[in-house]
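A.B. asks: Input protein_21.tsv, format and content: TSV, C-alpha atoms.
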chain	number	residue	atom	x	y	z
A	1	MET	CA	50.17	-60.13	4.55
A	2	ARG	CA	52.53	-62.88	5.59
A	3	ASP	CA	55.84	-61.68	6.99
A	4	ILE	CA	58.60	-61.61	4.36
A	5	ASN	CA	60.74	-63.93	6.47
A	6	GLU	CA	57.87	-66.43	6.49
A	7	ILE	CA	57.53	-66.22	2.72
A	8	ASP	CA	61.28	-66.69	2.33
A	9	SER	CA	61.04	-69.82	4.50
A	10	MET	CA	58.18	-71.10	2.34
A	11	ALA	CA	60.31	-70.56	-0.77
A	12	VAL	CA	63.36	-72.28	0.71
A	13	ASN	CA	61.28	-75.19	2.01
A	14	LEU	CA	59.71	-75.75	-1.42
A	15	ARG	CA	63.19	-75.67	-2.93
A	16	LYS	CA	64.24	-78.41	-0.51
A	17	GLU	CA	61.14	-80.49	-1.32
A	18	LEU	CA	62.12	-80.25	-4.98
A	19	GLY	CA	65.70	-81.31	-4.27
A	20	GLU	CA	67.29	-77.87	-4.49
A	21	ASP	CA	69.49	-76.04	-1.97
A	22	SER	CA	69.03	-72.47	-0.72
A	23	MET	CA	72.10	-70.94	-2.36
A	24	SER	CA	72.22	-71.99	-6.00
A	25	PRO	CA	70.40	-70.83	-9.14
A	26	ILE	CA	67.71	-73.22	-10.36
A	27	ASP	CA	66.27	-74.31	-13.69
A	28	ILE	CA	62.66	-73.59	-12.84
A	29	PHE	CA	61.25	-74.80	-16.18
A	30	ALA	CA	63.03	-78.14	-15.80
A	31	ILE	CA	61.63	-78.43	-12.27
A	32	ALA	CA	58.10	-77.71	-13.51
A	33	LYS	CA	58.37	-80.51	-16.07
A	34	THR	CA	59.15	-83.03	-13.33
A	35	MET	CA	56.02	-82.24	-11.29
A	36	PRO	CA	53.85	-85.32	-11.94
A	37	GLU	CA	50.43	-83.61	-12.04
A	38	LEU	CA	51.45	-80.35	-13.73
A	39	THR	CA	51.07	-79.31	-17.36
A	40	THR	CA	52.93	-76.20	-18.47
A	41	VAL	CA	52.04	-74.14	-21.53
A	42	LEU	CA	54.23	-71.50	-23.13
A	43	TYR	CA	52.10	-69.11	-25.20
A	44	PRO	CA	52.09	-65.41	-26.21
A	45	LEU	CA	49.40	-64.06	-23.88
A	46	GLY	CA	49.54	-60.41	-24.92
A	47	SER	CA	50.78	-57.31	-23.14
A	48	ASN	CA	48.74	-57.50	-19.94
A	49	ILE	CA	49.01	-61.10	-18.65
A	50	SER	CA	52.23	-62.64	-17.33
A	51	GLY	CA	50.78	-66.07	-16.60
A	52	MET	CA	47.96	-68.09	-15.13
A	53	CYS	CA	47.43	-71.09	-12.86
A	54	ILE	CA	44.49	-73.49	-12.89
A	55	LYS	CA	44.37	-76.09	-10.12
A	56	GLY	CA	42.35	-79.30	-10.29
A	57	GLU	CA	42.09	-82.66	-8.57
A	58	GLY	CA	45.03	-84.66	-9.88
A	59	ALA	CA	45.82	-82.21	-12.66
A	60	SER	CA	46.92	-78.58	-12.75
A	61	LEU	CA	48.06	-76.17	-15.46
A	62	ILE	CA	50.42	-73.21	-15.51
A	63	ALA	CA	50.58	-71.00	-18.60
A	64	ILE	CA	53.43	-68.52	-19.10
A	65	ASN	CA	53.51	-65.57	-21.51
A	66	SER	CA	56.25	-66.34	-24.02
A	67	GLY	CA	56.13	-62.74	-25.22
A	68	MET	CA	57.96	-61.64	-22.08
A	69	SER	CA	61.72	-61.88	-21.63
A	70	LEU	CA	63.17	-65.22	-20.54
A	71	GLY	CA	64.11	-63.71	-17.18
A	72	ARG	CA	60.57	-62.50	-16.62
A	73	GLN	CA	59.14	-65.86	-17.72
A	74	ARG	CA	61.19	-67.54	-15.00
A	75	PHE	CA	59.89	-65.04	-12.42
A	76	SER	CA	56.32	-65.64	-13.60
A	77	MET	CA	56.73	-69.40	-13.29
A	78	ALA	CA	57.92	-68.95	-9.69
A	79	HIS	CA	54.96	-66.61	-9.10
A	80	GLU	CA	52.59	-69.31	-10.35
A	81	PHE	CA	54.31	-71.86	-8.09
A	82	TYR	CA	52.99	-69.80	-5.17
A	83	HIS	CA	49.42	-70.07	-6.47
A	84	LEU	CA	49.89	-73.78	-7.16
A	85	HIS	CA	51.35	-74.74	-3.78
A	86	PHE	CA	50.20	-72.11	-1.28
A	87	ASP	CA	47.12	-70.27	-2.54
A	88	SER	CA	44.29	-72.17	-0.90
A	89	GLU	CA	41.62	-69.62	-1.83
A	90	GLU	CA	41.60	-69.66	-5.61
A	91	LYS	CA	41.44	-72.51	-8.12
A	92	LYS	CA	42.20	-70.15	-11.01
A	93	SER	CA	44.55	-67.16	-10.99
A	94	VAL	CA	45.29	-64.83	-13.92
A	95	CYS	CA	48.29	-62.64	-13.16
A	96	SER	CA	49.15	-59.23	-14.58
A	97	ILE	CA	52.42	-58.01	-16.05
A	98	ALA	CA	53.13	-55.51	-13.26
A	99	ILE	CA	55.44	-56.69	-10.46
A	100	ASN	CA	54.20	-55.72	-6.99
A	101	GLY	CA	50.83	-54.75	-8.42
A	102	GLY	CA	47.37	-56.19	-7.89
A	103	ASP	CA	45.91	-57.36	-4.61
A	104	GLU	CA	47.64	-58.70	-1.51
A	105	LYS	CA	47.62	-62.26	-2.84
A	106	GLU	CA	49.43	-61.18	-6.02
A	107	ARG	CA	52.00	-59.19	-4.05
A	108	LYS	CA	52.67	-62.24	-1.85
A	109	ALA	CA	53.16	-64.33	-4.98
A	110	ASP	CA	55.68	-61.78	-6.30
A	111	ILE	CA	57.61	-61.83	-3.03
A	112	PHE	CA	57.58	-65.62	-3.10
A	113	ALA	CA	58.82	-65.67	-6.70
A	114	SER	CA	61.71	-63.36	-5.86
A	115	HIS	CA	62.74	-65.44	-2.84
A	116	PHE	CA	62.28	-68.76	-4.65
A	117	LEU	CA	64.66	-67.73	-7.43
A	118	LEU	CA	66.98	-65.81	-5.09
A	119	PRO	CA	66.69	-66.85	-1.41
A	120	SER	CA	67.73	-64.30	1.21
A	121	ALA	CA	70.75	-66.37	2.28
A	122	ALA	CA	72.09	-66.37	-1.28
A	123	LEU	CA	71.51	-62.62	-1.72
A	124	TYR	CA	73.19	-61.73	1.54
A	125	ASN	CA	76.12	-64.00	0.72
A	126	VAL	CA	76.65	-62.14	-2.56
A	127	LEU	CA	76.26	-58.65	-1.08
A	128	LYS	CA	77.91	-59.17	2.33
A	129	ASP	CA	81.10	-57.30	1.39
A	130	SER	CA	79.38	-54.62	-0.74
A	131	ASN	CA	79.01	-51.10	0.58
A	132	ALA	CA	77.03	-50.09	-2.48
A	133	VAL	CA	75.27	-52.07	-5.21
A	134	SER	CA	76.87	-51.30	-8.58
A	135	LEU	CA	75.40	-51.88	-12.03
A	136	GLU	CA	78.00	-54.63	-12.48
A	137	LYS	CA	76.66	-56.42	-9.40
A	138	VAL	CA	73.05	-56.04	-10.57
A	139	VAL	CA	73.89	-57.58	-13.95
A	140	TRP	CA	75.82	-60.41	-12.28
A	141	LEU	CA	72.85	-61.18	-10.00
A	142	GLU	CA	70.32	-61.27	-12.83
A	143	GLN	CA	72.60	-63.40	-15.01
A	144	TYR	CA	73.57	-65.85	-12.26
A	145	PHE	CA	70.08	-66.33	-10.87
A	146	GLY	CA	68.28	-65.98	-14.22
A	147	MET	CA	66.05	-63.03	-13.33
A	148	SER	CA	64.92	-60.00	-15.30
A	149	ARG	CA	66.32	-56.55	-14.54
A	150	GLN	CA	62.92	-55.46	-13.24
A	151	ALA	CA	62.72	-58.44	-10.88
A	152	ILE	CA	66.23	-57.87	-9.51
A	153	LEU	CA	65.66	-54.15	-9.00
A	154	TYR	CA	62.33	-54.84	-7.31
A	155	ARG	CA	64.06	-57.20	-4.91
A	156	LEU	CA	67.01	-54.91	-4.16
A	157	LYS	CA	64.74	-51.94	-3.54
A	158	SER	CA	62.48	-53.96	-1.23
A	159	GLU	CA	65.59	-55.04	0.71
A	160	GLY	CA	66.75	-51.41	1.02
A	161	LYS	CA	69.87	-52.10	-1.05
A	162	ILE	CA	69.13	-49.40	-3.64
A	163	ASP	CA	67.12	-46.17	-3.52
A	164	SER	CA	64.50	-44.90	-5.97
A	165	ASN	CA	67.05	-42.86	-7.91
A	166	LEU	CA	69.30	-45.86	-8.57
A	167	TYR	CA	66.24	-48.03	-9.22
A	168	ASN	CA	65.12	-45.70	-12.03
A	169	LYS	CA	68.64	-45.20	-13.40
A	170	MET	CA	69.28	-48.92	-13.82
A	171	GLN	CA	66.06	-49.61	-15.76
A	172	VAL	CA	67.48	-48.23	-19.02
A	173	ASP	CA	69.82	-49.82	-21.60
A	174	VAL	CA	69.29	-53.24	-20.02
A	175	GLN	CA	70.57	-55.43	-22.87
A	176	TYR	CA	73.44	-53.09	-23.66
A	177	SER	CA	74.60	-52.95	-20.04
A	178	ALA	CA	74.77	-56.76	-19.96
A	179	ALA	CA	76.41	-57.10	-23.39
A	180	LYS	CA	79.19	-54.63	-22.63
A	181	LEU	CA	80.04	-56.66	-19.52
A	182	GLY	CA	80.46	-59.77	-21.66
A	183	TYR	CA	77.15	-61.51	-20.98
A	184	ASP	CA	74.76	-63.14	-23.43
A	185	THR	CA	71.53	-61.17	-23.85
A	186	ASP	CA	69.05	-64.04	-24.35
A	187	LEU	CA	67.83	-63.54	-20.77
A	188	TYR	CA	66.33	-60.20	-21.81
A	189	LYS	CA	64.58	-61.42	-24.95
A	190	SER	CA	61.24	-63.09	-25.55
A	191	THR	CA	60.94	-66.62	-26.95
A	192	PRO	CA	61.47	-66.51	-30.74
A	193	ALA	CA	58.49	-67.05	-33.03
A	194	GLY	CA	58.26	-70.68	-34.05
A	195	ASN	CA	59.16	-71.86	-30.57
A	196	ASN	CA	56.88	-69.61	-28.51
A	197	MET	CA	53.98	-72.07	-28.21
A	198	LYS	CA	54.66	-75.37	-26.46
A	199	THR	CA	53.06	-77.73	-23.95
A	200	THR	CA	55.08	-79.97	-21.63
A	201	GLY	CA	54.40	-82.10	-18.59
A	202	GLN	CA	51.42	-84.23	-17.60
A	203	TYR	CA	49.28	-83.61	-20.69
A	204	ILE	CA	51.98	-84.97	-23.00
A	205	ARG	CA	52.66	-87.95	-20.73
A	206	MET	CA	48.95	-88.79	-20.49
A	207	ALA	CA	48.47	-88.57	-24.26
A	208	ASP	CA	51.35	-91.01	-24.73
A	209	LYS	CA	49.94	-93.34	-22.06
A	210	LEU	CA	46.49	-93.37	-23.66
A	211	TYR	CA	47.96	-94.20	-27.05
A	212	SER	CA	50.42	-96.80	-25.68
A	213	GLU	CA	47.56	-98.59	-23.92
A	214	GLU	CA	45.48	-98.44	-27.14
A	215	ILE	CA	42.76	-96.38	-25.47
A	216	ILE	CA	42.95	-93.80	-28.26
A	217	SER	CA	43.86	-94.12	-31.93
A	218	ILE	CA	46.98	-92.75	-33.58
A	219	GLY	CA	44.80	-90.07	-35.18
A	220	LYS	CA	43.43	-88.92	-31.81
A	221	TYR	CA	46.89	-89.05	-30.28
A	222	GLU	CA	48.30	-86.80	-33.00
A	223	GLU	CA	45.29	-84.49	-32.68
A	224	MET	CA	45.98	-84.11	-28.96
A	225	LEU	CA	49.64	-83.32	-29.65
A	226	LEU	CA	48.78	-80.74	-32.29
A	227	ASP	CA	46.32	-79.10	-29.89
A	228	ALA	CA	49.26	-78.85	-27.47
A	229	PHE	CA	51.48	-77.16	-30.10
A	230	ARG	CA	53.72	-80.24	-30.32
A	231	GLU	CA	54.11	-80.53	-34.07
A	232	ASP	CA	57.64	-81.74	-33.36
A	233	LEU	CA	56.24	-84.97	-31.86
A	234	VAL	CA	53.89	-85.50	-34.81
A	235	PHE	CA	56.04	-84.50	-37.78
A	236	GLY	CA	59.51	-84.81	-36.25
A	237	ASP	CA	62.04	-82.24	-35.14
A	238	ASP	CA	63.97	-80.45	-37.91
A	239	ASN	CA	67.07	-80.61	-35.73
A	240	GLU	CA	66.71	-84.29	-34.83
A	241	GLY	CA	69.56	-85.32	-37.12
A	242	ASP	CA	71.92	-82.93	-35.33
A	243	GLU	CA	71.65	-84.77	-31.99
A	244	ILE	CA	75.00	-85.65	-30.45
A	245	ILE	CA	75.22	-88.41	-27.86
A	246	ASP	CA	78.28	-87.93	-25.63
Rewrite the structure from the file as structure tokens, please.
C.D. replies:
Amino acid sequence: MRDINEIDSMAVNLRKELGEDSMSPIDIFAIAKTMPELTTVLYPLGSNISGMCIKGEGASLIAINSGMSLGRQRFSMAHEFYHLHFDSEEKKSVCSIAINGGDEKERKADIFASHFLLPSAALYNVLKDSNAVSLEKVVWLEQYFGMSRQAILYRLKSEGKIDSNLYNKMQVDVQYSAAKLGYDTDLYKSTPAGNNMKTTGQYIRMADKLYSEEIISIGKYEEMLLDAFREDLVFGDDNEGDEIID
């Protein structure tokens, strides 16, 4: 397996290529939408699959399980970034729910995901004056960097910042522990029904291009959008009238 420091460097370098620094939280879904040859799909994939990546010539797809918490979806997207950018062996990867499970390639992708969302320099900057990692600090880390409790605990344990006893203790009452500290709990919830299936990125742009250039009919264009779960683009958004332009 690649050395962890090497994987951290890979994560930081990709951040830089995407215009991000090595200290700040990132909006990984917004970043994915800007990748010119990438289509992303949000879909409830069941209880065993966190996501998948399919790479092709000039077009790639990442699917994320919308049935997982928002924090875990962000981790899974970063995991799939590893397969997209650094996995030269496989054209298709289907990834399980378990963090640090599976084969060596999957474990490398999990390490990459953790370091992409929370680079070592940022973690050490936060913990440099801490003798012990408290629950308050764990919740702050997951809220600030947008990671699930499981992903944060996995990272802290792998860094030797918490032991197995604390790791197990902090896995309970996750939403409550955040709420009582004044945080919103959306990070720990799955995408609500009605918004849990959506396609963004290259597929949508290409459908629009084909229609704009009169290569396909309006009927085919709408069919393509409906296949991509984009009823909002065909029938309109119910909230469209509420838009405020500042």
A.B. asks: Quick one: which segment 60-130 of chain A residues come within 10 Å of segment 138-142 of chain A, and what is the nearest atom pair for each with the distance in Å to one decimal, counting only C-alpha atoms, rows ordered by chain and ascending number, as JSON lines?
C.D. replies:
{"residue": "A:Gly71", "atom": "CA", "partner": "A:Glu142", "partner_atom": "CA", "distance": 8.0}
{"residue": "A:Leu118", "atom": "CA", "partner": "A:Leu141", "partner_atom": "CA", "distance": 8.9}
{"residue": "A:Leu123", "atom": "CA", "partner": "A:Leu141", "partner_atom": "CA", "distance": 8.5}
{"residue": "A:Val126", "atom": "CA", "partner": "A:Leu141", "partner_atom": "CA", "distance": 8.4}
{"residue": "A:Leu127", "atom": "CA", "partner": "A:Leu141", "partner_atom": "CA", "distance": 9.9}
A.B. asks: Quick one: distance from atom CA of His85 of chain A to atom CA of Ala59 of chain A in Å, one decimal?
C.D. replies: 12.9 Å
A.B. asks: Just want the 12 Å neighbourhood of Ser47 of chain A, counted on only C-alpha atoms, with same-chain residues fewer than 5 positions away dropped. Output as an MDAnalysis selection string.
C.D. replies: chainID A and resid 65:69 95:98
A.B. asks: One number please: atom CA of Ser114 of chain A to atom CA of Ser190 of chain A, in Å, one decimal.
C.D. replies: 19.7 Å
A.B. asks: When distances are computed from only C-alpha atoms, which of A:Ile216, A:Met23, A:Leu70, A:Ala178 shows the smallest separation from Pro119 of chain A?
C.D. replies: A:Met23
A.B. asks: I need the residue nearest Gln175 of chain A from this list: A:Ala151, A:Gln143, A:Lys157, A:Glu104. Use all atoms listed in the file for the distance.
C.D. replies: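 Closest residue, counting all atoms listed in the file: A:Gln143.
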A.B. asks: Just how far from atom CA of Arg72 of chain A is atom CA of Ser148 of chain A, in Å to one decimal?
C.D. replies: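 Computing the Euclidean distance for atom CA of Ser148 of chain A and atom CA of Arg72 of chain A yields 5.2 Å.
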A.B. asks: Name the closest residue to Lys128 of chain A among the candidates A:Lys180, A:Arg155, A:Lys161, A:Lys108; distances are taken between atoms, counting all atoms listed in the file.
C.D. replies: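 Counting all atoms listed in the file, the residue closest to Lys128 of chain A is A:Lys161.
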A.B. asks: Determine, counting only C-alpha atoms, which protein, DNA and RNA residues have an atom within 10 Å of an atom of Ala32 of chain A; residues of the same chain fewer than 6 positions away are not included. Present the result as a PyMOL selection string.
C.D. replies: chain A and resi 18+38-40+62+77-78+81+200-201
